[in-house]
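Text of the file work_15.csv, holding CSV, C-alpha atoms and all ligand atoms:
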chain,number,residue,atom,x,y,z
A,1,MET,CA,24.4,-31.0,-0.6
A,2,PRO,CA,22.7,-28.9,-3.4
A,3,ASP,CA,24.1,-29.5,-6.9
A,4,GLY,CA,25.3,-26.4,-8.6
A,5,THR,CA,27.2,-25.1,-11.6
A,6,ILE,CA,30.6,-24.0,-10.5
A,7,LEU,CA,33.0,-21.8,-12.5
A,8,LEU,CA,36.5,-22.9,-11.7
A,9,VAL,CA,39.1,-20.4,-12.7
A,10,ASP,CA,42.7,-21.7,-12.3
A,11,HIS,CA,45.8,-21.3,-14.6
A,12,VAL,CA,47.3,-24.6,-13.5
A,13,PRO,CA,45.8,-27.4,-15.7
A,14,CYS,CA,46.4,-30.2,-13.2
A,15,ASN,CA,44.7,-28.2,-10.4
A,16,ARG,CA,41.7,-27.7,-12.6
A,17,LEU,CA,41.7,-31.4,-13.4
A,18,GLN,CA,41.8,-32.5,-9.8
A,19,LEU,CA,39.3,-30.0,-8.5
A,20,SER,CA,36.9,-30.5,-11.3
A,21,ALA,CA,37.0,-34.3,-10.8
A,22,LEU,CA,36.3,-33.8,-7.1
A,23,LEU,CA,33.3,-31.5,-7.7
A,24,THR,CA,31.8,-33.5,-10.6
A,25,GLU,CA,31.9,-36.6,-8.4
A,26,GLN,CA,29.6,-34.8,-6.0
A,27,GLY,CA,27.1,-34.0,-8.7
A,28,HIS,CA,28.2,-30.5,-9.6
A,29,THR,CA,28.6,-29.2,-13.1
A,30,VAL,CA,32.0,-27.6,-13.6
A,31,LEU,CA,32.9,-24.8,-16.1
A,32,GLN,CA,36.6,-24.2,-16.5
A,33,ALA,CA,38.6,-21.1,-17.4
A,34,GLY,CA,42.5,-20.8,-17.5
A,35,ASP,CA,42.6,-17.0,-16.9
A,36,GLY,CA,40.5,-14.0,-16.1
A,37,ALA,CA,39.6,-13.0,-19.7
A,38,MET,CA,38.3,-16.5,-20.4
A,39,ALA,CA,36.3,-16.5,-17.2
A,40,LEU,CA,34.7,-13.1,-18.1
A,41,ALA,CA,33.8,-14.5,-21.6
A,42,LEU,CA,32.2,-17.6,-20.1
A,43,LEU,CA,30.2,-15.5,-17.7
A,44,GLU,CA,28.8,-13.5,-20.6
A,45,GLN,CA,27.2,-16.8,-21.8
A,46,ARG,CA,26.2,-18.5,-18.6
A,47,LEU,CA,25.9,-17.5,-15.0
A,48,PRO,CA,27.1,-20.2,-12.6
A,49,ASP,CA,25.9,-20.6,-9.0
A,50,LEU,CA,29.4,-20.2,-7.5
A,51,VAL,CA,32.9,-19.1,-8.6
A,52,LEU,CA,36.1,-20.9,-7.4
A,53,LEU,CA,39.0,-18.5,-8.2
A,54,ASN,CA,42.7,-18.9,-7.9
A,55,THR,CA,44.3,-15.6,-6.8
A,56,HIS,CA,47.5,-16.1,-8.8
A,57,LEU,CA,46.1,-15.9,-12.4
A,58,PRO,CA,48.3,-14.4,-15.0
A,59,GLY,CA,47.2,-11.0,-16.2
A,60,LEU,CA,44.0,-10.0,-14.4
A,61,ASP,CA,44.7,-11.7,-11.0
A,62,GLY,CA,42.1,-13.4,-8.9
A,63,PHE,CA,41.7,-10.4,-6.5
A,64,ASP,CA,41.1,-8.0,-9.4
A,65,LEU,CA,38.7,-10.4,-11.1
A,66,CYS,CA,36.7,-10.8,-7.9
A,67,ARG,CA,36.5,-7.1,-7.5
A,68,ARG,CA,35.1,-6.8,-11.0
A,69,LEU,CA,32.5,-9.5,-10.4
A,70,LYS,CA,31.3,-7.7,-7.3
A,71,ALA,CA,31.1,-4.3,-9.2
A,72,ASP,CA,28.9,-5.8,-11.9
A,73,PRO,CA,25.2,-6.0,-11.0
A,74,ARG,CA,24.8,-9.1,-13.1
A,75,THR,CA,27.5,-11.1,-11.2
A,76,ARG,CA,27.4,-9.3,-7.8
A,77,ALA,CA,25.3,-11.9,-6.1
A,78,LEU,CA,27.6,-14.8,-7.1
A,79,PRO,CA,29.5,-16.3,-4.2
A,80,VAL,CA,33.2,-16.3,-4.9
A,81,ILE,CA,35.6,-18.6,-3.0
A,82,LEU,CA,39.3,-17.6,-3.5
A,83,ILE,CA,42.0,-20.3,-3.7
A,84,CYS,CA,44.9,-18.6,-1.9
A,85,THR,CA,48.5,-19.5,-1.0
A,86,ALA,CA,49.1,-20.2,2.7
A,87,GLY,CA,50.6,-16.7,3.1
A,88,GLU,CA,47.7,-14.9,1.5
A,89,ALA,CA,45.3,-16.8,3.7
A,90,LEU,CA,46.9,-15.1,6.7
A,91,ASP,CA,46.0,-11.7,5.2
A,92,LYS,CA,42.2,-12.1,5.7
A,93,ASP,CA,41.6,-8.4,5.3
A,94,ARG,CA,42.8,-8.6,1.8
A,95,VAL,CA,40.7,-11.7,1.0
A,96,PHE,CA,37.5,-10.2,2.2
A,97,SER,CA,38.1,-6.6,1.1
A,98,VAL,CA,37.5,-7.7,-2.6
A,99,GLY,CA,34.1,-9.1,-1.7
A,100,ALA,CA,34.9,-12.8,-1.6
A,101,SER,CA,32.5,-15.0,0.4
A,102,ASP,CA,35.2,-17.3,1.6
A,103,TYR,CA,38.7,-18.8,0.8
A,104,VAL,CA,40.5,-22.1,0.8
A,105,SER,CA,44.3,-22.2,1.0
A,106,ASN,CA,46.9,-24.4,-0.8
A,107,PRO,CA,47.6,-27.2,-0.3
A,108,LEU,CA,43.9,-27.9,-0.8
A,109,HIS,CA,42.1,-30.2,1.5
A,110,ALA,CA,39.4,-32.0,-0.5
A,111,GLN,CA,36.8,-32.2,2.3
A,112,GLU,CA,37.3,-28.6,3.2
A,113,VAL,CA,36.8,-27.5,-0.4
A,114,LEU,CA,33.6,-29.5,-0.7
A,115,ALA,CA,32.3,-28.3,2.7
A,116,ARG,CA,32.8,-24.6,1.8
A,117,VAL,CA,31.4,-25.0,-1.7
A,118,SER,CA,28.3,-26.8,-0.3
A,119,ALA,CA,27.8,-24.1,2.4
A,120,HIS,CA,27.8,-21.3,-0.1
A,121,LEU,CA,25.6,-23.1,-2.6
A,122,SER,CA,23.0,-23.6,0.2
A,123,LEU,CA,23.2,-19.9,1.1
A,124,ARG,CA,22.8,-18.9,-2.5
A,125,GLN,CA,19.8,-21.2,-2.8
A,126,LYS,CA,18.2,-19.7,0.3
A,127,GLN,CA,18.9,-16.2,-1.0
A,128,ARG,CA,17.1,-17.0,-4.3
A,129,GLU,CA,14.1,-18.4,-2.5
A,130,LEU,CA,13.9,-15.3,-0.4
A,131,ASP,CA,14.1,-13.1,-3.5
A,132,ALA,CA,11.4,-15.1,-5.2
A,133,LEU,CA,9.2,-14.7,-2.1
A,134,ARG,CA,9.8,-11.0,-1.9
A,135,ALA,CA,9.0,-10.6,-5.6
A,136,ALA,CA,5.8,-12.6,-5.2
A,137,GLN,CA,4.7,-10.5,-2.2
A,138,GLY,CA,5.8,-7.3,-3.9
A,139,ALA,CA,3.7,-7.9,-7.1
A,140,PRO,CA,0.2,-7.5,-5.6
A,141,MET,CA,1.3,-4.6,-3.5
A,142,GLN,CA,2.4,-2.8,-6.7
A,143,ALA,CA,-0.9,-3.5,-8.3
A,144,LEU,CA,-2.6,-1.8,-5.4
A,145,ASN,CA,-0.6,1.4,-5.5
A,146,ASP,CA,-3.4,3.2,-7.1
A,147,ASP,CA,-5.5,5.3,-4.6
A,148,ARG,CA,-8.6,4.0,-6.1
A,149,ASP,CA,-7.8,0.4,-5.4
A,150,TRP,CA,-7.0,1.3,-1.7
A,151,ARG,CA,-10.3,3.2,-1.4
A,152,SER,CA,-12.4,0.4,-2.8
A,153,ILE,CA,-10.6,-2.3,-0.7
A,154,SER,CA,-11.1,0.0,2.4
A,155,HIS,CA,-14.7,0.4,1.6
A,156,ASP,CA,-15.1,-3.4,1.4
A,157,LEU,CA,-13.2,-3.8,4.7
A,158,ARG,CA,-15.4,-1.2,6.3
A,159,ASN,CA,-18.5,-2.9,5.1
A,160,SER,CA,-17.4,-6.1,6.6
A,161,LEU,CA,-16.3,-4.5,9.9
A,162,ALA,CA,-19.6,-2.6,10.2
A,163,LEU,CA,-21.4,-5.9,9.8
A,164,ILE,CA,-19.2,-7.5,12.5
A,165,LEU,CA,-20.1,-4.6,14.8
A,166,SER,CA,-23.8,-4.7,14.1
A,167,ALA,CA,-23.8,-8.4,14.7
A,168,ALA,CA,-22.0,-7.9,18.0
A,169,ASP,CA,-24.5,-5.2,18.9
A,170,GLU,CA,-27.4,-7.6,18.1
A,171,LEU,CA,-25.8,-10.3,20.3
A,172,ARG,CA,-25.4,-7.8,23.1
A,173,ARG,CA,-29.2,-7.4,23.3
A,174,THR,CA,-29.7,-11.1,24.1
A,175,PRO,CA,-29.2,-12.6,27.6
A,176,LEU,CA,-25.5,-13.2,28.0
A,177,SER,CA,-23.2,-14.7,30.6
A,178,ASP,CA,-20.4,-12.5,31.9
A,179,ASP,CA,-17.8,-14.3,29.8
A,180,GLN,CA,-19.9,-13.9,26.7
A,181,ALA,CA,-20.4,-10.2,27.3
A,182,GLN,CA,-16.7,-9.7,27.8
A,183,MET,CA,-15.9,-11.5,24.5
A,184,ILE,CA,-18.4,-9.3,22.7
A,185,ALA,CA,-16.8,-6.2,24.2
A,186,ILE,CA,-13.4,-7.4,22.9
A,187,ILE,CA,-14.9,-8.0,19.4
A,188,GLU,CA,-16.4,-4.5,19.4
A,189,ARG,CA,-13.2,-2.8,20.7
A,190,LYS,CA,-11.0,-4.5,18.2
A,191,ALA,CA,-13.3,-4.0,15.2
A,192,SER,CA,-13.7,-0.3,16.1
A,193,HIS,CA,-10.0,0.0,16.3
A,194,VAL,CA,-9.5,-1.5,12.9
A,195,LEU,CA,-12.2,0.8,11.5
A,196,ALA,CA,-10.4,3.8,13.0
A,197,ILE,CA,-7.1,2.7,11.4
A,198,ILE,CA,-8.7,2.4,8.0
A,199,SER,CA,-10.5,5.7,8.3
A,200,ASN,CA,-7.4,7.5,9.5
A,201,ALA,CA,-5.4,6.0,6.7
A,202,LEU,CA,-8.0,7.2,4.2
A,203,ASP,CA,-8.2,10.6,5.8
A,204,SER,CA,-4.5,11.1,5.4
A,205,LEU,CA,-4.6,9.8,1.8
A,206,ALA,CA,-7.4,12.3,1.0
A,207,ALA,CA,-5.6,15.1,2.8
A,208,GLU,CA,-2.4,14.4,0.8
A,209,ALA,CA,-4.1,14.3,-2.5
A,210,ALA,CA,-4.6,17.7,-4.1
A,211,PRO,CA,-8.2,18.1,-5.2
A,212,ARG,CA,-8.5,17.7,-9.0
A,213,TYR,CA,-11.2,20.0,-10.1
A,214,ALA,CA,-11.9,19.8,-13.8
A,215,PRO,CA,-14.4,21.6,-16.0
A,216,THR,CA,-17.3,19.2,-16.4
A,217,SER,CA,-20.6,19.1,-18.2
A,218,LEU,CA,-23.3,19.1,-15.5
A,219,ARG,CA,-25.8,17.1,-17.7
A,220,ALA,CA,-23.2,14.5,-18.5
A,221,LEU,CA,-22.1,14.2,-14.9
A,222,VAL,CA,-25.7,13.7,-13.6
A,223,GLN,CA,-26.6,11.3,-16.3
A,224,GLU,CA,-23.5,9.2,-15.8
A,225,SER,CA,-24.1,9.2,-12.0
A,226,LEU,CA,-27.7,8.0,-12.3
A,227,ALA,CA,-26.9,5.1,-14.6
A,228,GLY,CA,-28.6,1.9,-13.3
A,229,PHE,CA,-30.7,3.5,-10.6
A,230,ASP,CA,-33.8,3.5,-12.8
A,231,LEU,CA,-33.6,-0.3,-12.9
A,232,LEU,CA,-33.1,-0.5,-9.1
A,233,ALA,CA,-36.2,1.7,-8.6
A,234,ALA,CA,-38.2,-0.3,-11.2
A,235,HIS,CA,-37.2,-3.5,-9.3
A,236,LYS,CA,-39.0,-2.0,-6.2
A,237,ARG,CA,-41.9,-0.8,-8.3
A,238,LEU,CA,-41.0,2.8,-7.6
A,239,ALA,CA,-41.3,5.7,-10.0
A,240,PHE,CA,-38.0,7.3,-11.0
A,241,ASP,CA,-38.1,10.8,-12.5
A,242,VAL,CA,-35.1,13.0,-13.5
A,243,HIS,CA,-35.4,16.7,-14.4
A,244,LEU,CA,-32.4,18.3,-15.9
A,245,PRO,CA,-32.1,22.0,-16.8
A,246,GLU,CA,-32.8,22.8,-20.5
A,247,GLU,CA,-29.4,24.4,-20.9
A,248,ASP,CA,-26.2,22.5,-19.9
A,249,ALA,CA,-23.7,24.2,-17.5
A,250,LEU,CA,-20.0,23.8,-17.3
A,251,VAL,CA,-19.0,23.3,-13.6
A,252,GLN,CA,-15.7,23.0,-11.9
A,253,VAL,CA,-15.8,19.9,-9.7
A,254,GLU,CA,-14.1,16.7,-8.8
A,255,ARG,CA,-16.1,14.6,-11.1
A,256,ARG,CA,-15.8,11.3,-9.3
A,257,ALA,CA,-16.5,12.8,-5.9
A,258,VAL,CA,-19.7,14.6,-7.0
A,259,SER,CA,-20.8,11.5,-8.8
A,260,ARG,CA,-20.5,9.8,-5.5
A,261,VAL,CA,-22.6,12.4,-3.8
A,262,ILE,CA,-25.4,11.9,-6.3
A,263,GLY,CA,-25.1,8.1,-6.1
A,264,ASN,CA,-25.2,8.0,-2.3
A,265,LEU,CA,-28.3,10.3,-2.1
A,266,VAL,CA,-30.2,8.4,-4.8
A,267,SER,CA,-29.2,5.1,-3.3
A,268,ASN,CA,-30.6,6.1,0.1
A,269,ALA,CA,-33.8,7.5,-1.5
A,270,ILE,CA,-34.5,4.2,-3.2
A,271,LYS,CA,-33.3,2.1,-0.3
A,272,TYR,CA,-35.5,3.8,2.3
A,273,THR,CA,-38.7,4.1,0.1
A,274,THR,CA,-41.2,1.3,-0.1
A,275,GLU,CA,-43.9,3.0,-2.2
A,276,GLY,CA,-44.3,6.0,-4.5
A,277,GLY,CA,-41.1,7.1,-6.0
A,278,VAL,CA,-37.9,9.1,-6.3
A,279,GLU,CA,-37.3,12.3,-8.1
A,280,VAL,CA,-33.9,13.8,-9.0
A,281,ARG,CA,-33.9,17.5,-10.0
A,282,VAL,CA,-31.0,19.7,-11.1
A,283,GLU,CA,-31.2,23.5,-10.9
A,284,THR,CA,-28.7,26.1,-12.0
A,285,ALA,CA,-28.2,29.6,-10.8
A,286,PRO,CA,-25.5,32.1,-12.0
A,287,GLU,CA,-23.0,31.1,-9.4
A,288,THR,CA,-24.2,27.8,-8.1
A,289,PHE,CA,-26.0,24.6,-9.1
A,290,SER,CA,-28.2,22.3,-7.0
A,291,ILE,CA,-29.0,18.6,-7.0
A,292,ILE,CA,-32.3,17.8,-5.3
A,293,VAL,CA,-33.2,14.2,-4.4
A,294,ARG,CA,-36.8,13.8,-3.2
A,295,ASP,CA,-38.4,10.5,-2.0
A,296,SER,CA,-41.8,9.4,-0.7
A,297,GLY,CA,-40.2,7.0,1.7
A,298,LEU,CA,-39.8,6.3,5.4
A,299,GLY,CA,-38.6,9.8,6.4
A,300,ILE,CA,-36.1,10.3,9.1
A,301,PRO,CA,-37.1,10.4,12.8
A,302,ALA,CA,-36.5,13.7,14.6
A,303,GLU,CA,-34.1,12.1,17.1
A,304,ALA,CA,-32.0,10.6,14.2
A,305,LEU,CA,-31.8,13.7,12.0
A,306,PRO,CA,-29.0,15.4,13.9
A,307,ARG,CA,-26.8,12.3,13.5
A,308,ILE,CA,-27.3,11.0,10.0
A,309,PHE,CA,-24.1,12.7,8.7
A,310,ASN,CA,-22.1,11.1,11.5
A,311,LYS,CA,-19.9,8.2,10.3
A,312,PHE,CA,-21.5,4.8,10.9
A,313,TYR,CA,-24.7,6.2,12.2
A,314,ARG,CA,-27.9,4.5,11.1
A,315,ALA,CA,-31.4,5.1,12.4
A,316,PRO,CA,-31.8,2.3,15.0
A,317,GLN,CA,-35.4,1.3,14.0
A,318,PRO,CA,-35.6,-2.2,12.3
A,319,LYS,CA,-37.3,-0.8,9.2
A,320,TYR,CA,-34.1,1.1,8.4
A,321,LEU,CA,-31.7,-1.6,9.7
A,322,LYS,CA,-33.3,-4.3,7.6
A,323,GLU,CA,-31.6,-2.6,4.6
A,324,ASP,CA,-27.9,-3.2,4.0
A,325,GLY,CA,-25.7,-0.2,5.0
A,326,THR,CA,-22.6,0.9,6.7
A,327,GLY,CA,-23.8,4.3,7.9
A,328,LEU,CA,-21.0,5.9,5.9
A,329,GLY,CA,-22.8,7.1,2.8
A,330,LEU,CA,-24.0,10.5,4.2
A,331,ALA,CA,-20.7,11.1,6.0
A,332,ILE,CA,-18.9,10.8,2.7
A,333,VAL,CA,-21.5,13.1,1.0
A,334,LYS,CA,-21.0,15.7,3.7
A,335,ALA,CA,-17.2,15.6,3.4
A,336,ILE,CA,-17.3,16.0,-0.4
A,337,VAL,CA,-19.8,18.8,-0.2
A,338,GLU,CA,-17.7,20.7,2.3
A,339,ARG,CA,-14.6,20.2,0.2
A,340,HIS,CA,-16.4,21.8,-2.7
A,341,GLN,CA,-17.5,24.7,-0.4
A,342,GLY,CA,-21.1,23.7,-0.8
A,343,THR,CA,-24.1,23.2,1.5
A,344,ILE,CA,-26.5,20.3,2.2
A,345,GLN,CA,-30.0,20.7,3.5
A,346,VAL,CA,-32.6,18.1,4.6
A,347,ALA,CA,-36.3,18.3,4.9
A,348,THR,CA,-38.0,15.2,6.1
A,349,ALA,CA,-41.1,13.8,7.8
A,350,VAL,CA,-41.7,10.3,9.0
A,351,GLY,CA,-44.1,8.4,6.8
A,352,VAL,CA,-44.1,11.2,4.2
A,353,GLY,CA,-40.6,11.2,2.7
A,354,SER,CA,-37.3,13.2,2.5
A,355,ILE,CA,-35.7,15.9,0.4
A,356,PHE,CA,-32.0,16.3,0.2
A,357,ARG,CA,-30.7,19.5,-1.5
A,358,VAL,CA,-27.0,19.9,-2.3
A,359,THR,CA,-25.8,23.2,-3.6
A,360,LEU,CA,-22.3,23.7,-4.9
A,361,PRO,CA,-20.5,26.7,-6.4
A,362,ARG,CA,-20.0,26.4,-10.2
A,363,GLN,CA,-16.4,27.6,-9.6
A,364,PRO,CA,-15.0,26.9,-6.2
A,365,LYS,CA,-12.8,29.6,-4.8
A,366,GLN,CA,-9.1,29.1,-5.5
A,367,SER,CA,-8.1,28.4,-1.9
A,368,ALA,CA,-10.0,25.2,-1.9
A,369,ASN,CA,-7.6,23.9,-4.5
A,370,HIS,CA,-4.8,24.1,-2.0
A,371,HIS,CA,-6.0,22.1,0.9
A,372,GLY,CA,-7.2,18.6,0.6
A,373,GLY,CA,-9.2,17.4,3.6
A,374,GLY,CA,-12.5,15.5,3.5
A,375,ASN,CA,-12.7,11.8,3.6
A,376,LEU,CA,-13.8,10.7,0.2
A,377,SER,CA,-13.4,7.1,1.3
B,401,LIG,P1,-24.4,3.2,3.4
B,401,LIG,O1,-24.8,4.4,2.7
B,401,LIG,O2,-23.0,3.3,3.9
B,401,LIG,O3,-24.6,1.9,2.6
B,401,LIG,P2,-26.6,3.9,5.1
B,401,LIG,O4,-27.4,4.1,3.9
B,401,LIG,O5,-27.2,3.2,6.3
B,401,LIG,O6,-25.3,3.0,4.7
B,401,LIG,P3,-26.1,6.7,5.3
B,401,LIG,O7,-26.3,6.9,3.8
B,401,LIG,O8,-25.0,7.5,5.9
B,401,LIG,O9,-25.9,5.2,5.7
B,401,LIG,O10,-27.4,7.1,6.0
B,401,LIG,C1,-27.4,7.1,7.4
B,401,LIG,C2,-28.9,6.8,7.9
B,401,LIG,O11,-29.7,7.9,7.6
B,401,LIG,C3,-29.5,5.6,7.3
B,401,LIG,O12,-29.1,4.4,7.9
B,401,LIG,C4,-31.0,5.9,7.5
B,401,LIG,O13,-31.3,5.5,8.8
B,401,LIG,C5,-31.0,7.4,7.3
B,401,LIG,N1,-31.4,7.8,6.0
B,401,LIG,C6,-30.5,8.3,5.0
B,401,LIG,N2,-31.2,8.7,3.9
B,401,LIG,C7,-32.5,8.4,4.1
B,401,LIG,C8,-33.7,8.5,3.4
B,401,LIG,N3,-33.6,9.0,2.1
B,401,LIG,N4,-34.8,8.2,3.9
B,401,LIG,C9,-34.9,7.7,5.2
B,401,LIG,N5,-33.8,7.5,6.0
B,401,LIG,C10,-32.6,7.9,5.5
B,402,MG,MG,-26.5,5.3,2.4
Spell out the structure here as structure tokens.
Amino acid sequence: MPDGTILLVDHVPCNRLQLSALLTEQGHTVLQAGDGAMALALLEQRLPDLVLLNTHLPGLDGFDLCRRLKADPRTRALPVILICTAGEALDKDRVFSVGASDYVSNPLHAQEVLARVSAHLSLRQKQRELDALRAAQGAPMQALNDDRDWRSISHDLRNSLALILSAADELRRTPLSDDQAQMIAIIERKASHVLAIISNALDSLAAEAAPRYAPTSLRALVQESLAGFDLLAAHKRLAFDVHLPEEDALVQVERRAVSRVIGNLVSNAIKYTTEGGVEVRVETAPETFSIIVRDSGLGIPAEALPRIFNKFYRAPQPKYLKEDGTGLGLAIVKAIVERHQGTIQVATAVGVGSIFRVTLPRQPKQSANHHGGGNLS
């Protein structure tokens, strides 16, 4: 039986004495009050685990006091056991209509009182454990309410799933028994399904969010997007040149999204280049601006070119696959460019290099502000 603190409210002193002796003997702590007012004053100071309440209190009677406890959010969860007369006990509707958890009737039977007290203390304890568990589970969920957290977790999940899929794909190329081939098929089907769930969830998130265009300094945006790439290039002994227009321009864009476009293109250029270098050039025109990323790398095979903007597509040759990647970077780039009413062009030759040119309006037409779309991942 769990020990608890019990508030005993009874106007008859000898009842209080007998009941409190019985309960204390079982290890409970007993607080006593002779009427409703005293009970309320005690409750202000200390919340018990259970209330044992005589219905025949002078002044505020037990039924009214119980109703008040159930109306107050601070005491609502306290289990209340009413001590009724035999006649009242027959009127169960009245007993339970005030929110009591249970009742015992006079003349009291010691074992019955203890059994009911014990049952309701256990229930209360379980309820508390459940509340604590819910609170513990709720806390991290709240911390993840921000779209950005979801996006970054989703990207990590997708990276891992893409890895699972490519590992499964590798295995498929080796000699397999029928059972093994079947298991790989299951892995692929399930991993693709989870990927689809994540992508759909992100798509709907992006579609719900209104685009947040803000006037932005083009120079600042490009410089901030390129931070760290010079080191990455240097690490591979590649040249890294940046050409910005003399005069800065104010452009109306989703800053984070355009930064991602630049980051993904430059990351590809460095990743798929083994010698020579990477050049980033920014050009402005009266209505538009362009970001051009040129590399002297592997180039893209003709058969792969039509598919590089597809989600999860990666050129299948080992020289591309030996680099880490999910095949999502250019799909995200394309979605963002379209959302900004822009265009993207590619010129490439295997063994010579690639040029990606993104052109965006300086001021997107108003209608684009009204529909979301595009998977910004
Ligand atoms: P992620 O960007 O998600 O890390 P990824 O780089 O493989 O992975 P994408 O950026 O979508 O994916 O590119 C798709 C494929 O296009 C690449 O796997 C690569 O085969 C090819 N590709 C993209 N950019 C270049 C480039 N600059 N030079 C050569 N090949 C490229
Ligand atoms: Mg990429």
What is the atom CA of A:Gly297-atom C10 of ligand LIG 401 (chain B) distance in Å, reported with one decimal? 8.5 Å
Report as a VMD selection string all protein, DNA and RNA residues lying within 6 Å of A:Phe312, evaluated on all atoms listed in the file, omitting residues in the same chain fewer than 4 positions from it. chain A and resid 326 to 328
Keeping only C-alpha atoms, write those residues as a compact mmCIF listing (two decimals), in the coordinates of the input.
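What follows is the written file part-v9.txt:
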# COMPACT_ATOMS: atom_id res chain seq x y z
CA THR A 326 -22.60 0.90 6.70
CA GLY A 327 -23.80 4.30 7.90
CA LEU A 328 -21.00 5.90 5.90
Could you work out how far atom CA of A:Pro364 lies from atom CA of A:Ile198, giving the answer in Å with one decimal? 29.0 Å
Within-6 Å residues of ligand LIG 401 (chain B), basis all atoms listed in the file, as a ChimeraX atom specification: /A:268-269,272,297-300,308-309,313-315,320,325-331,354
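Of the listed residues (A:Pro301, A:Pro73, A:Gly263, A:Pro306), A:Gly263 comes nearest to ligand MG 402 (chain B); the distances count all atoms listed in the file.
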Got a sec: who's within 7 Å of A:Tyr213, counting only C-alpha atoms, leaving out chain neighbours fewer than 3 positions off, as a compact mmCIF listing (two decimals) with C-alpha atoms, keeping the file's coordinate frame?
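Saved file part-v1.txt follows:
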# COMPACT_ATOMS: atom_id res chain seq x y z
CA GLN A 252 -15.70 23.00 -11.90
CA VAL A 253 -15.80 19.90 -9.70
CA GLU A 254 -14.10 16.70 -8.80
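The closest residue to ligand MG 402 (chain B), picked from A:Arg281, A:Arg260, A:Arg237, A:Arg173 and counting all atoms listed in the file, is A:Arg260.
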Between atom CA of A:Gly34 and atom CA of A:Leu69 lies a distance of 16.7 Å
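Using only C-alpha atoms and all ligand atoms, the smallest distance between any of A:Leu65, A:Leu50, A:Ser267, A:Ile187 and ligand MG 402 (chain B) comes from A:Ser267.
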Around the point (-19.2, 24.2, -2.9), in the coordinates given by the file, pick out the residues reaching within 7 Å, counting only C-alpha atoms, and return them as a VMD selection string. chain A and resid 337 to 343 359 to 361 364
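Proximity to ligand MG 402 (chain B) was assessed for A:Lys311, A:Gln363, A:Pro316, A:Gly351 counting all atoms listed in the file; the smallest distance is recorded for A:Lys311.
Distances here use only C-alpha atoms and all ligand atoms; by that measure, the residue among A:Pro245, A:Cys84, A:Leu265, A:Glu287 closest to ligand MG 402 (chain B) is A:Leu265.
Take the candidates A:Lys334, A:Lys271, A:Arg76, A:His193 and check each one against ligand MG 402 (chain B) using only C-alpha atoms and all ligand atoms; the shortest distance goes to A:Lys271.
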Please provide the set of residues having any atom within 6 Å of A:Ile292, restricted to all atoms listed in the file, with same-chain residues fewer than 2 positions apart removed, written as a PyMOL selection string. chain A and resi 280-281+356-357
Show me, as a ChimeraX atom specification, the residues that have an atom within 8 Å of A:His28 when counting only C-alpha atoms, minus same-chain residues fewer than 2 positions from it. /A:3-6,23-26,30
Would you list the contacts of A:Leu108 as a PyMOL selection string, taking every protein, DNA or RNA residue within 10 Å and counting only C-alpha atoms, but skipping same-chain residues closer than 5 positions in sequence? chain A and resi 15+19+83-86+113
May I have the residues at most 12 Å from (-33.6, 21.2, -21.1) in the file's coordinates, counting all atoms listed in the file, as number ranges by chain? A: 218-219, 242-249, 281-284
